[in-house]
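Listing of start.cif; format and content: mmCIF, C-alpha atoms.
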data_final
loop_
_atom_site.label_atom_id
_atom_site.label_comp_id
_atom_site.auth_asym_id
_atom_site.auth_seq_id
_atom_site.Cartn_x
_atom_site.Cartn_y
_atom_site.Cartn_z
CA MET A 1 23.61 -3.34 33.35
CA LYS A 2 25.96 -0.39 33.79
CA PHE A 3 25.81 3.02 32.14
CA ILE A 4 28.85 4.46 30.36
CA ASP A 5 29.14 8.25 30.60
CA ASN A 6 30.76 9.63 27.42
CA ARG A 7 31.43 13.00 29.13
CA GLY A 8 29.21 14.88 26.68
CA ILE A 9 31.56 14.27 23.74
CA THR A 10 29.94 15.06 20.36
CA ASP A 11 32.77 13.98 18.04
CA PRO A 12 31.50 10.82 16.25
CA ARG A 13 35.06 9.58 15.74
CA ILE A 14 35.48 9.35 19.51
CA ASN A 15 31.97 8.13 20.31
CA LEU A 16 32.26 5.21 17.91
CA ALA A 17 35.65 4.43 19.44
CA ILE A 18 34.09 4.39 22.93
CA GLU A 19 31.49 1.92 21.68
CA GLU A 20 34.04 -0.41 20.07
CA TYR A 21 36.37 -0.21 23.06
CA ALA A 22 33.55 -1.04 25.47
CA LEU A 23 32.58 -4.01 23.31
CA LYS A 24 36.08 -5.46 23.09
CA HIS A 25 37.82 -4.44 26.30
CA LEU A 26 35.43 -3.82 29.20
CA PRO A 27 34.66 -6.76 31.52
CA ALA A 28 32.54 -9.27 29.61
CA ASN A 29 30.54 -10.29 32.67
CA GLU A 30 28.59 -7.03 32.49
CA ASP A 31 26.06 -5.49 30.10
CA TYR A 32 26.48 -1.81 29.24
CA LEU A 33 24.35 1.05 27.99
CA LEU A 34 25.92 3.96 26.14
CA PHE A 35 24.20 7.18 25.03
CA TYR A 36 25.88 9.68 22.72
CA ILE A 37 24.98 12.73 20.63
CA ASN A 38 27.07 13.60 17.57
CA GLU A 39 27.66 16.91 15.88
CA PRO A 40 26.63 16.92 12.18
CA SER A 41 27.84 13.63 10.75
CA ILE A 42 27.04 10.94 8.24
CA ILE A 43 27.60 7.50 9.75
CA ILE A 44 28.22 4.95 7.00
CA GLY A 45 27.33 1.26 7.31
CA LYS A 46 30.32 -1.07 7.29
CA ASN A 47 29.54 -2.61 3.91
CA GLN A 48 28.65 0.58 2.06
CA ASN A 49 30.47 2.47 -0.70
CA THR A 50 30.94 5.83 1.04
CA ILE A 51 31.19 8.03 -2.05
CA GLU A 52 27.90 6.72 -3.40
CA GLU A 53 26.08 7.30 -0.11
CA ILE A 54 26.88 10.98 0.43
CA ASN A 55 26.32 14.27 -1.33
CA VAL A 56 30.01 15.13 -1.49
CA ASP A 57 29.67 18.84 -2.31
CA TYR A 58 27.10 19.41 0.45
CA VAL A 59 29.14 17.44 2.99
CA ASN A 60 32.31 19.40 2.20
CA GLU A 61 30.55 22.77 2.18
CA HIS A 62 28.95 22.17 5.58
CA ARG A 63 31.97 20.40 7.09
CA ILE A 64 29.98 17.32 8.01
CA HIS A 65 31.92 14.40 9.48
CA VAL A 66 31.83 11.18 7.45
CA VAL A 67 32.63 8.14 9.59
CA ARG A 68 32.20 4.43 8.93
CA ARG A 69 30.81 2.31 11.77
CA LEU A 70 31.42 -1.37 12.50
CA SER A 71 27.82 -2.45 12.01
CA GLY A 72 26.02 -3.06 8.74
CA GLY A 73 22.90 -1.32 7.52
CA GLY A 74 22.47 2.00 5.77
CA ALA A 75 23.96 5.47 6.08
CA VAL A 76 22.36 7.79 8.63
CA TYR A 77 22.63 11.49 9.38
CA HIS A 78 23.38 12.58 12.97
CA ASP A 79 23.28 16.03 14.50
CA LEU A 80 22.85 17.57 17.95
CA GLY A 81 19.14 16.82 17.81
CA ASN A 82 19.68 13.07 17.48
CA LEU A 83 20.21 10.79 20.49
CA ASN A 84 22.02 7.50 19.90
CA PHE A 85 21.79 4.48 22.19
CA SER A 86 23.90 1.33 22.29
CA PHE A 87 23.29 -1.87 24.28
CA ILE A 88 26.53 -3.86 24.69
CA THR A 89 26.10 -7.45 25.83
CA ASN A 90 27.09 -11.07 25.31
CA ASP A 91 26.07 -12.69 22.04
CA ASP A 92 24.04 -15.68 23.20
CA GLY A 93 23.53 -17.01 19.67
CA GLU A 94 19.93 -15.78 19.55
CA SER A 95 20.28 -12.01 19.95
CA PHE A 96 21.95 -11.03 16.66
CA HIS A 97 19.21 -9.97 14.21
CA ASN A 98 16.76 -9.87 17.15
CA PHE A 99 16.22 -6.12 17.05
CA ARG A 100 13.04 -6.37 19.10
CA LYS A 101 14.98 -7.52 22.16
CA PHE A 102 16.93 -4.26 22.25
CA THR A 103 14.40 -1.81 20.88
CA ASP A 104 11.56 -2.99 23.13
CA PRO A 105 12.68 -1.03 26.24
CA VAL A 106 13.09 2.08 24.06
CA VAL A 107 9.67 1.61 22.46
CA ARG A 108 8.04 1.09 25.88
CA ALA A 109 9.78 4.21 27.23
CA LEU A 110 8.52 6.24 24.27
CA ARG A 111 5.00 4.94 24.80
CA GLN A 112 5.16 5.96 28.45
CA MET A 113 6.06 9.47 27.27
CA GLY A 114 2.99 9.50 25.03
CA VAL A 115 4.65 8.59 21.71
CA ASP A 116 2.82 5.78 19.87
CA ALA A 117 6.01 4.01 18.73
CA GLU A 118 6.47 0.49 17.37
CA LEU A 119 9.19 -1.64 15.78
CA THR A 120 8.54 -2.14 12.06
CA GLY A 121 10.30 -3.89 9.20
CA ARG A 122 13.82 -5.12 9.81
CA ASN A 123 15.09 -2.51 12.16
CA ASP A 124 13.06 0.71 12.29
CA ILE A 125 11.03 2.33 15.04
CA GLN A 126 8.10 4.24 13.62
CA VAL A 127 5.13 6.33 14.67
CA GLY A 128 2.49 5.44 12.11
CA GLU A 129 4.23 5.67 8.72
CA ARG A 130 7.00 7.96 9.98
CA LYS A 131 10.43 6.64 10.93
CA ILE A 132 11.98 7.99 14.13
CA SER A 133 14.75 5.41 14.64
CA GLY A 134 16.98 3.05 12.68
CA ASN A 135 18.97 0.25 14.32
CA ALA A 136 22.00 -1.92 13.52
CA GLN A 137 24.11 -4.59 15.18
CA TYR A 138 27.67 -5.87 15.31
CA ALA A 139 29.16 -9.00 16.92
CA ALA A 140 32.75 -10.02 17.68
CA LYS A 141 34.24 -12.79 19.83
CA GLY A 142 31.12 -13.62 21.77
CA ARG A 143 30.12 -10.00 22.40
CA MET A 144 27.77 -7.73 20.46
CA PHE A 145 26.18 -4.33 20.43
CA SER A 146 22.79 -3.27 19.16
CA HIS A 147 22.65 0.46 18.55
CA GLY A 148 20.13 2.90 17.17
CA THR A 149 19.30 6.50 16.43
CA LEU A 150 16.48 8.48 17.97
CA LEU A 151 15.48 11.49 15.86
CA PHE A 152 14.49 13.84 18.66
CA ASP A 153 14.77 17.28 17.07
CA SER A 154 17.08 16.87 14.07
CA ASP A 155 17.34 19.16 11.06
CA LEU A 156 15.42 16.91 8.67
CA GLU A 157 16.19 19.07 5.64
CA ARG A 158 19.86 18.27 6.18
CA VAL A 159 19.05 14.57 6.32
CA VAL A 160 17.73 14.90 2.78
CA SER A 161 20.54 17.14 1.51
CA ALA A 162 23.50 15.24 2.98
CA LEU A 163 22.55 11.72 1.87
CA ASN A 164 22.22 10.15 -1.56
CA VAL A 165 19.25 7.88 -0.99
CA ASN A 166 19.04 4.86 -3.29
CA PRO A 167 15.82 5.23 -5.38
CA GLN A 168 15.31 1.45 -5.07
CA LYS A 169 15.03 1.84 -1.29
CA ILE A 170 12.46 4.62 -1.57
CA GLN A 171 10.41 2.70 -4.14
CA SER A 172 10.56 -0.50 -2.09
CA LYS A 173 8.96 1.29 0.85
CA GLY A 174 6.22 2.79 -1.33
CA ILE A 175 7.05 6.40 -0.48
CA LYS A 176 7.68 9.46 -2.62
CA SER A 177 10.59 10.96 -0.71
CA ILE A 178 12.85 10.36 2.25
CA ARG A 179 11.64 13.66 3.75
CA SER A 180 8.08 12.34 3.99
CA ARG A 181 9.38 9.14 5.56
CA VAL A 182 11.17 10.52 8.64
CA ALA A 183 9.96 12.51 11.64
CA ASN A 184 11.20 13.99 14.89
CA ILE A 185 10.00 12.61 18.20
CA THR A 186 9.20 16.18 19.31
CA GLU A 187 6.32 16.13 16.80
CA PHE A 188 4.59 13.46 18.86
CA LEU A 189 5.47 14.37 22.46
CA PRO A 190 2.52 15.75 24.40
CA ARG A 191 4.81 18.14 26.31
CA THR A 192 7.95 20.12 25.60
CA MET A 193 11.29 18.78 26.78
CA THR A 194 14.97 19.18 25.94
CA ILE A 195 17.05 16.36 24.51
CA GLU A 196 18.84 16.09 27.87
CA GLU A 197 15.51 15.70 29.68
CA PHE A 198 14.51 13.11 27.08
CA LYS A 199 17.75 11.22 27.67
CA GLN A 200 17.23 11.23 31.44
CA GLU A 201 13.66 9.91 31.11
CA LEU A 202 14.89 7.08 28.86
CA LEU A 203 17.63 6.27 31.33
CA ALA A 204 15.24 6.18 34.26
CA PHE A 205 12.85 3.89 32.38
CA ILE A 206 15.54 1.46 31.21
CA PHE A 207 16.92 1.19 34.76
CA ASP A 208 13.35 0.78 36.07
CA GLY A 209 13.56 3.87 38.26
CA LYS A 210 16.47 2.45 40.28
CA PRO A 211 19.78 4.29 40.78
CA VAL A 212 21.80 4.25 37.55
CA GLU A 213 25.04 2.39 38.16
CA GLU A 214 27.89 3.71 36.05
CA TYR A 215 31.02 2.04 34.75
CA PRO A 216 33.79 4.62 35.28
CA LEU A 217 36.21 4.75 32.36
CA SER A 218 39.78 5.09 33.68
CA ASP A 219 42.48 7.40 32.34
CA GLU A 220 44.01 4.36 30.66
CA ASP A 221 40.65 3.55 29.04
CA TRP A 222 40.41 7.08 27.66
CA THR A 223 43.97 6.93 26.32
CA ASN A 224 43.15 3.72 24.49
CA ILE A 225 39.87 5.13 23.20
CA HIS A 226 41.61 8.16 21.70
CA GLU A 227 44.23 5.93 20.09
CA LEU A 228 41.49 3.74 18.58
CA SER A 229 39.77 6.88 17.31
CA ARG A 230 42.97 8.02 15.59
CA SER A 231 43.86 4.65 14.09
CA ARG A 232 40.40 3.72 12.80
CA TYR A 233 37.71 6.37 12.89
CA GLN A 234 39.93 9.26 11.81
CA SER A 235 41.46 7.17 9.02
CA TRP A 236 40.59 7.96 5.40
CA GLU A 237 41.20 4.33 4.52
CA TRP A 238 38.58 3.17 7.01
CA ASN A 239 35.99 5.85 6.27
CA TYR A 240 36.29 5.95 2.48
CA GLY A 241 38.46 3.03 1.41
CA LYS A 242 39.49 2.32 -2.14
CA SER A 243 36.88 1.12 -4.58
CA PRO A 244 38.23 -0.93 -7.50
CA ARG A 245 37.96 0.39 -11.05
CA SER A 246 34.95 -1.74 -11.90
CA ASN A 247 34.06 -2.80 -15.41
CA PHE A 248 31.03 -4.66 -14.08
CA ARG A 249 28.53 -3.34 -11.58
CA GLN A 250 25.05 -4.43 -10.58
CA SER A 251 22.78 -3.42 -7.71
CA ARG A 252 19.39 -4.74 -6.63
CA ARG A 253 17.02 -4.57 -3.69
CA PHE A 254 16.31 -7.81 -1.80
CA ASP A 255 14.51 -8.69 1.44
CA ILE A 256 17.82 -8.37 3.31
CA GLY A 257 18.46 -4.89 1.87
CA THR A 258 20.20 -3.38 -1.15
CA VAL A 259 23.25 -5.30 -2.38
CA GLU A 260 25.70 -4.13 -5.03
CA VAL A 261 28.50 -6.11 -6.68
CA GLN A 262 31.43 -4.40 -8.42
CA LEU A 263 33.98 -6.44 -10.36
CA GLU A 264 37.23 -5.63 -12.08
CA ILE A 265 37.74 -8.30 -14.69
CA GLU A 266 41.07 -8.81 -16.41
CA LYS A 267 41.95 -11.53 -18.93
CA GLY A 268 38.74 -13.38 -18.16
CA ARG A 269 39.31 -13.57 -14.42
CA ILE A 270 38.03 -11.57 -11.45
CA LYS A 271 40.93 -9.35 -10.47
CA GLU A 272 39.02 -7.53 -7.74
CA ALA A 273 35.55 -7.89 -6.24
CA LYS A 274 33.64 -5.61 -3.90
CA ILE A 275 30.28 -6.26 -2.27
CA TYR A 276 28.43 -3.26 -0.88
CA GLY A 277 25.04 -2.86 0.75
CA ASP A 278 22.92 -2.05 3.77
CA PHE A 279 22.49 -5.67 4.84
CA PHE A 280 23.34 -6.94 8.32
CA GLY A 281 25.93 -9.66 8.79
CA MET A 282 28.15 -10.98 11.55
CA ARG A 283 31.12 -11.81 9.30
CA ASP A 284 33.03 -9.49 7.00
CA VAL A 285 32.24 -9.77 3.29
CA SER A 286 35.95 -9.18 2.56
CA GLU A 287 36.33 -12.95 3.16
CA ILE A 288 34.07 -13.65 0.18
CA GLU A 289 35.78 -10.95 -1.88
CA ALA A 290 39.15 -12.60 -1.24
CA MET A 291 37.84 -16.02 -2.31
CA LEU A 292 36.68 -14.57 -5.64
CA ARG A 293 40.02 -13.05 -6.65
CA GLY A 294 41.54 -14.95 -9.54
CA VAL A 295 38.39 -16.97 -10.21
CA PRO A 296 37.36 -17.25 -13.90
CA TYR A 297 34.53 -14.89 -14.72
CA ASP A 298 32.23 -17.79 -15.45
CA LYS A 299 28.87 -18.47 -13.86
CA GLN A 300 29.69 -22.04 -12.85
CA ALA A 301 33.11 -21.05 -11.47
CA VAL A 302 31.59 -18.30 -9.31
CA ALA A 303 28.76 -20.64 -8.26
CA ASP A 304 31.35 -23.22 -7.16
CA VAL A 305 33.02 -20.63 -4.92
CA LEU A 306 29.72 -19.53 -3.39
CA ALA A 307 28.71 -23.16 -2.83
CA ARG A 308 31.59 -23.49 -0.34
CA ILE A 309 30.32 -20.54 1.71
CA ASP A 310 27.64 -20.42 4.38
CA ILE A 311 26.32 -17.02 3.38
CA GLU A 312 23.92 -16.47 6.29
CA PRO A 313 26.61 -15.15 8.69
CA PHE A 314 27.56 -12.58 6.03
CA PHE A 315 24.13 -11.39 4.88
CA GLY A 316 21.41 -12.91 7.05
CA LYS A 317 18.75 -15.23 5.61
CA TRP A 318 19.44 -15.07 1.86
CA SER A 319 19.92 -17.52 -0.97
CA ARG A 320 23.14 -18.21 -2.88
CA GLU A 321 21.10 -18.00 -6.09
CA GLU A 322 20.15 -14.38 -5.40
CA LEU A 323 23.75 -13.49 -4.60
CA LEU A 324 25.00 -15.27 -7.72
CA SER A 325 22.46 -13.36 -9.85
CA LEU A 326 24.28 -10.09 -9.08
CA PHE A 327 27.52 -11.28 -10.68
CA PHE A 328 26.16 -11.63 -14.23
#

Could you write out this structure as structure tokens?
Amino acid sequence: MKFIDNRGITDPRINLAIEEYALKHLPANEDYLLFYINEPSIIIGKNQNTIEEINVDYVNEHRIHVVRRLSGGGAVYHDLGNLNFSFITNDDGESFHNFRKFTDPVVRALRQMGVDAELTGRNDIQVGERKISGNAQYAAKGRMFSHGTLLFDSDLERVVSALNVNPQKIQSKGIKSIRSRVANITEFLPRTMTIEEFKQELLAFIFDGKPVEEYPLSDEDWTNIHELSRSRYQSWEWNYGKSPRSNFRQSRRFDIGTVEVQLEIEKGRIKEAKIYGDFFGMRDVSEIEAMLRGVPYDKQAVADVLARIDIEPFFGKWSREELLSLFF
């Protein structure tokens, strides 16, 4: 494994571009580790409806970046007290959805520091009932990354203020508020350290105390990274997109996460379909959305379309019947 130095950049639009570029363009015979810290930002899951995930007035007033990532899952708040890690590797057919494989070295490092951390649920690292990390994954052309947040010393009041948390998600976890759910790692550390010291201890543990070998990004790499940042992560279309004027909308919480269907129906047919949610999938749900355009708004007709689709690559382990139930 080689470490990628992001040169201390805190712009999420560049850091996400570094991650995507490393996944798609660096030599595939190597594994990579990337750390990055972002200035105040909301990072939106690929399949989410941005406007519904953020407190727009608060975000605008505090000039918080809003950037969509490639991976699924839910929206998260980043600031200078949050350390992000990303493992970039080959997709061996068994690693996608295997969050434990990638969080285990982080959990063991935290335990060595005196933090009683463990992987819980789908993709969280917790200390007791308090969440300190959320994780997500993305795969493309035989490569994948598994990345996560580490709430080290974040402004947790801003986490609450900047995000619109789905009440279904809070109720499903049996908690009264998102504020009571999350915690900073500094609350559990037996000694004081800075986020840079924390990062260096993680790095030393993951590389087993051996010298950290870096992959040096060339000037050409950086030029391409900045171009990717401009074309995707600084694009309004990518970060916000255009939601259809929906005259049907239904959302529900399932084992795979919250899923919402919006439909624009015209003359008895589906003119436009959008599927949102914090689920994790390898394939883009836009393929399903495209297959539904022009289909009669009829339960059997929609069921016939879904019957032709292997939905697991899009959503994970889920039934067609549960997906179909959201359309009517």

The PyMOL selection byres ((chain A and resi 194) around 12) on the file shown: which residues, as a ChimeraX atom specification?
/A:80-83,152-153,185-186,189,191-193,195-201

Which residues of segment 17-86 of chain A come within 12 Å of segment 310-327 of chain A, and for each one, what is the closest pair of atoms and their distance in Å to one decimal, counting all atoms listed in the file, sorted by chain and residue number, as CSV?
residue,atom,partner,partner_atom,distance
A:Lys46,CA,A:Phe314,CA,11.9
A:Asn47,CA,A:Phe315,CA,10.4
A:Ser71,CA,A:Phe314,CA,11.8
A:Gly72,CA,A:Phe315,CA,9.4
A:Gly73,CA,A:Phe315,CA,10.5

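Between atom CA of Met1 of chain A and atom CA of Leu202 of chain A the interatomic distance comes to 14.3 Å.
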
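Take the candidates A:Asp304, A:Glu19, A:Asp91, A:Glu227 and check each one against Ala139 of chain A using only C-alpha atoms; the shortest distance goes to A:Asp91.
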
List the neighbours of Leu217 of chain A out to 9 Å using all atoms listed in the file; skip same-chain residues closer than 3 positions along the sequence, and give me the result as a ChimeraX atom specification.
/A:4-6,220-222

Mind dumping the selected residues with C-alpha atoms as a CSV table (one decimal), keeping the file's coordinate frame?
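Here's the written file out-v2.csv:
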chain,number,residue,atom,x,y,z
A,4,ILE,CA,28.8,4.5,30.4
A,5,ASP,CA,29.1,8.2,30.6
A,6,ASN,CA,30.8,9.6,27.4
A,220,GLU,CA,44.0,4.4,30.7
A,221,ASP,CA,40.6,3.6,29.0
A,222,TRP,CA,40.4,7.1,27.7

Please report the interatomic distance between atom CA of Gly209 of chain A and atom CA of Ala17 of chain A in Å with one decimal.
29.0 Å

So that I can check the surroundings of segment 119-132 of chain A, please list as number ranges by chain every protein, DNA and RNA residue that reaches within 8 Å of it, counting all atoms listed in the file and ignoring chain neighbours fewer than 6 positions away.
A: 99-100, 103-104, 107, 149-152, 180-185

Can you find the residues with an atom no farther than 12 Å from (37.6, -14.8, 0.9), counting all atoms listed in the file, and report them as JSON, numbers by chain?
{"A": [272, 273, 274, 275, 283, 284, 285, 286, 287, 288, 289, 290, 291, 292, 293, 294, 295, 305, 306, 308, 309, 310, 311, 314]}

Run through the PyMOL selection byres ((chain A and resi 296) around 7) on the given coordinates and return the selected residues as a list in words.
Gly268, Arg269, Ile270, Gly294, Val295, Tyr297, Asp298 and Ala301 of chain A

Counting all atoms listed in the file, the residue of A:Lys141, A:Asp92, A:Val66, A:Ala162 that sits nearest Ser235 of chain A
A:Val66

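Note that the spacing between atom CA of Phe248 of chain A and atom CA of Thr50 of chain A amounts to 18.4 Å.
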
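If you measure from each of A:Tyr276, A:Lys210, A:Thr258, A:Arg249 to Phe328 of chain A using all atoms listed in the file, the closest one turns out to be A:Arg249.
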
For the point (25.3, 14.8, -2.2) in file coordinates, what residues are within 8 Å, counting all atoms listed in the file? Give the answer as a short mmCIF file (atom, residue, chain, number, x, y, z; two decimals) with C-alpha atoms, in the coordinates of the input?
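Okay, part-v7.cif is ready:
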data_model
loop_
_atom_site.label_atom_id
_atom_site.label_comp_id
_atom_site.auth_asym_id
_atom_site.auth_seq_id
_atom_site.Cartn_x
_atom_site.Cartn_y
_atom_site.Cartn_z
CA GLU A 53 26.08 7.30 -0.11
CA ILE A 54 26.88 10.98 0.43
CA ASN A 55 26.32 14.27 -1.33
CA VAL A 56 30.01 15.13 -1.49
CA ASP A 57 29.67 18.84 -2.31
CA TYR A 58 27.10 19.41 0.45
CA VAL A 59 29.14 17.44 2.99
CA SER A 161 20.54 17.14 1.51
CA ALA A 162 23.50 15.24 2.98
CA LEU A 163 22.55 11.72 1.87
CA ASN A 164 22.22 10.15 -1.56
#

Check which residues satisfy the PyMOL selection byres ((chain A and resi 36) around 7) in the file shown, then give them as a list of chain:residue names.
A:Asn6, A:Asn15, A:Leu34, A:Phe35, A:Ile37, A:Asn38, A:Leu83, A:Asn84, A:Phe85

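Minimum atom-to-atom distance to Asp278 of chain A, evaluated using all atoms listed in the file, belongs to A:Glu260 out of A:Glu260, A:Asp208, A:Glu213, A:Glu187.
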
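Here the question is which of A:Lys2, A:Asn239, A:Glu118, A:Pro190 gets nearest to Arg68 of chain A using only C-alpha atoms, and that residue is A:Asn239.
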